[in-house]
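Here the structure comes first, spelled out in structure tokens, and everything after it is commentary.
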Amino acid sequence: MPDTRILALRRSLAAIFEDDEPRNSATRLFNILLTALIITNVAGIVLESVEPIRHRFSGALDAFEHFATAVFAVEYLLRAWACVDFHAAAYRHPLWGRLRYLRSFFALIDLAAVLPAVIGVFGAADLRVLRLLRLLRMLKLVRHSTTFGLLGRVLREEANSIAALVFVLLLTVTIAGSLMFMLEGDEQPNVFTSIPVSMWWAVETLTTVGYGDFVPVTVLGRVLGGIVSIVGIGTLALFSGLITVGFIDQLKLYREHHPKPSVAGGDASTLIDLHHHRATAGGVHRPQPADQVAATHTPVSATKSGSGICPHCGYAIVVHGTTH
């Protein structure tokens with residue numbers, strides 16, 4: 001039997017690493033520190049591409065890179081070790097469960113954060129390519145972001161609708177590129193040289209970017225360009241609305257499952273009965289009539305040494321039928 005202290009340590013790490021676990025102080029602190037390390041490391045990688053900065057601070061940048069790589073490597077190994085204590089039953093087996101976890105999306109991201117440095121040690125690739133690959137560490141932030149999680153659920157829920165819109169866009173690009181090649185190919189043989197090249201014009205027009213490298217000169221070509229622009233605006237607006245509505249729905253579901261405390265400084269489930277306040281349009285608080293107050297409020301004498309008394313009307317504040 002493994003040592004109980006080792007099991008306790010592994011379960012504690014699993015509680016910190018597992019994304020579906022409730023966030024406690026240790027989890028929040030770990031996420032904050034790891035996020036700060038990722039952002040600082042990526043900033044160092046970006047600044048390293050500036051020649052004067054690299055020449056002056058190369059030693060400090062290299063030392064920090066080695067430190068960040070070591071932290072990411074230790075995190076990767078600890079996650080693989082503790083995954084058997086995750087709630088997912090697929091990871092319970094000590095061997096196959098860990099192998100299954102190592103093939104998961106976030107585990108591959110963690111591996112991508114470490115692998116470029118490991119390859120660089122053996123000199124098996126171009127250092128410039130490895131520097132760019134190290135920027136993949138930014139993907140580790142996805143695990144610690146609620147927004148990215150909600151966006152991922154939106155894409156999964158609306159996958160069919162998004163696929164339909166993408167199909168419409170591809171169909172429009174193909175048809176518009178073919179028509180533009182037919183209309184402008186003879187007039188501008190050096191510009192619209194083929195249907196694939198004309199499809200690039202269609203992409204520019206649909207997205208309303210308009211780089212200006214492809215411009216129709218014939219009347220029919222300009223008419224087609226206007227039609228494609230209008231279709232592009234409508235299609236992209238529909239796509240944006242679809243994502244927005246789906247994101248709002250997922251945000252509502254998230255808030256239902258993660259409600260905020262209703263009363264600050266006390267029990268989250270405690271609701272203070274303040275129905276004896278009635279605000280007018282001018283914001284002035286007025287007490288209820290005497291018969292309603294007698295039916296809904298506890299006398300001041302029932303409170304503890306006068307505590308819990310409303311400063312506006314002088315009546316006791318009722319908390320779920322109990323006075324304080």
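Chain labels run A, B, ... following the order of the structure tokens; each chain numbers its residues from 1, and ligands are numbered from 1 in the order shown.
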
As a tab-separated table (two decimals) with N, CA and C atoms, in the first residue's frame, please: the residues near A:Ser194 (cut-off 7 Å, only C-alpha atoms, same-chain neighbours under 3 positions excluded).
chain	number	residue	atom	x	y	z
A	181	PHE	N	-13.49	35.77	-62.14
A	181	PHE	CA	-12.48	35.34	-63.11
A	181	PHE	C	-13.05	35.39	-64.52
A	197	VAL	N	-6.96	32.58	-57.46
A	197	VAL	CA	-6.58	33.97	-57.20
A	197	VAL	C	-7.81	34.85	-57.06
A	198	SER	N	-8.81	34.62	-57.89
A	198	SER	CA	-10.05	35.38	-57.79
A	198	SER	C	-10.81	35.06	-56.51

Find the residues around A:Gln250 up to 12 Å (only C-alpha atoms counted), leave out those fewer than 5 positions away in its own chain, and share them as a ChimeraX atom specification.
-> /A:146-158,243-245,255-257

For A:Leu206, work out the shell of residues within 12 Å, counting only C-alpha atoms and skipping chain neighbours fewer than 4 positions away, then give it as a ChimeraX atom specification.
-> /A:168-174,176-177,199-202,210-211,224-237

Atom CA of A:Leu108 and atom CA of A:Ala36, how far apart in Å?
->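 Spanning atom CA of A:Ala36 to atom CA of A:Leu108 is a straight-line distance of 20.7 Å.
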
Mind the document's chain letters and residue numbers, and return as a PyMOL selection string the residues of stretch 73-228 of chain A that DSSP labels alpha helix (DSSP H).
-> chain A and resi 73-82+96-102+105-122+127-134+146-157+159-184+195-206+219-228

Taking into account only C-alpha atoms, which residue in the set A:Gly246, A:Leu133, A:Glu184, A:Ser240 is nearest to A:Leu220?
->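 Among A:Gly246, A:Leu133, A:Glu184, A:Ser240, it is A:Glu184 that comes nearest to A:Leu220.
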
Between atom CA of A:Thr207 and atom CA of A:Asp186, measure the distance and give it in Å to one decimal.
->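 Going from atom CA of A:Thr207 over to atom CA of A:Asp186 covers 25.6 Å.
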
Straight-line distance linking atom CA of A:Leu136 with atom CA of A:Leu99, stated in Å to one decimal |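 Separation between atom CA of A:Leu136 and atom CA of A:Leu99: 22.2 Å.
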
Could you name the residues that touch A:Glu75 at 12 Å or less, counting only C-alpha atoms, but leaving out those on the same chain fewer than 6 positions away, as a PDB file with C-alpha atoms, in the first residue's frame?
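Final output, saved to part_9.pdb:
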ATOM      1  CA  LEU A  13      -2.637  18.174  -6.075  1.00  0.00           C
ATOM      2  CA  ALA A  14      -5.580  16.647  -7.947  1.00  0.00           C
ATOM      3  CA  ILE A  16      -5.727  21.960  -7.348  1.00  0.00           C
ATOM      4  CA  PHE A  17      -5.157  20.713 -10.890  1.00  0.00           C
ATOM      5  CA  PHE A  30      -1.825  28.485  -7.890  1.00  0.00           C
ATOM      6  CA  ASN A  31      -3.747  29.768 -10.923  1.00  0.00           C
ATOM      7  CA  LEU A  34       1.003  30.189 -12.951  1.00  0.00           C
ATOM      8  CA  ALA A  68       9.926  28.794 -16.510  1.00  0.00           C
ATOM      9  CA  THR A  69      10.640  25.610 -18.459  1.00  0.00           C
ATOM     10  CA  TRP A  81       0.928  11.749 -11.529  1.00  0.00           C
ATOM     11  CA  ALA A  82      -2.197  13.154  -9.851  1.00  0.00           C
ATOM     12  CA  CYS A  83      -4.681  12.588 -12.694  1.00  0.00           C
ATOM     13  CA  ALA A 107      -2.054  17.690 -21.485  1.00  0.00           C
ATOM     14  CA  ILE A 109      -0.758  21.914 -24.510  1.00  0.00           C
ATOM     15  CA  ASP A 110       1.329  21.372 -21.373  1.00  0.00           C
ATOM     16  CA  LEU A 111       3.668  19.150 -23.381  1.00  0.00           C
ATOM     17  CA  ALA A 113       5.025  24.301 -23.454  1.00  0.00           C
ATOM     18  CA  VAL A 114       8.003  22.114 -22.503  1.00  0.00           C
ATOM     19  CA  LYS A 140      -1.998  27.267 -21.140  1.00  0.00           C
TER      20      LYS A 140
END

Using only C-alpha atoms, which of A:Ala117, A:Leu165, A:Val71, A:Ala88 sits nearest A:Ile38?
-> A:Val71
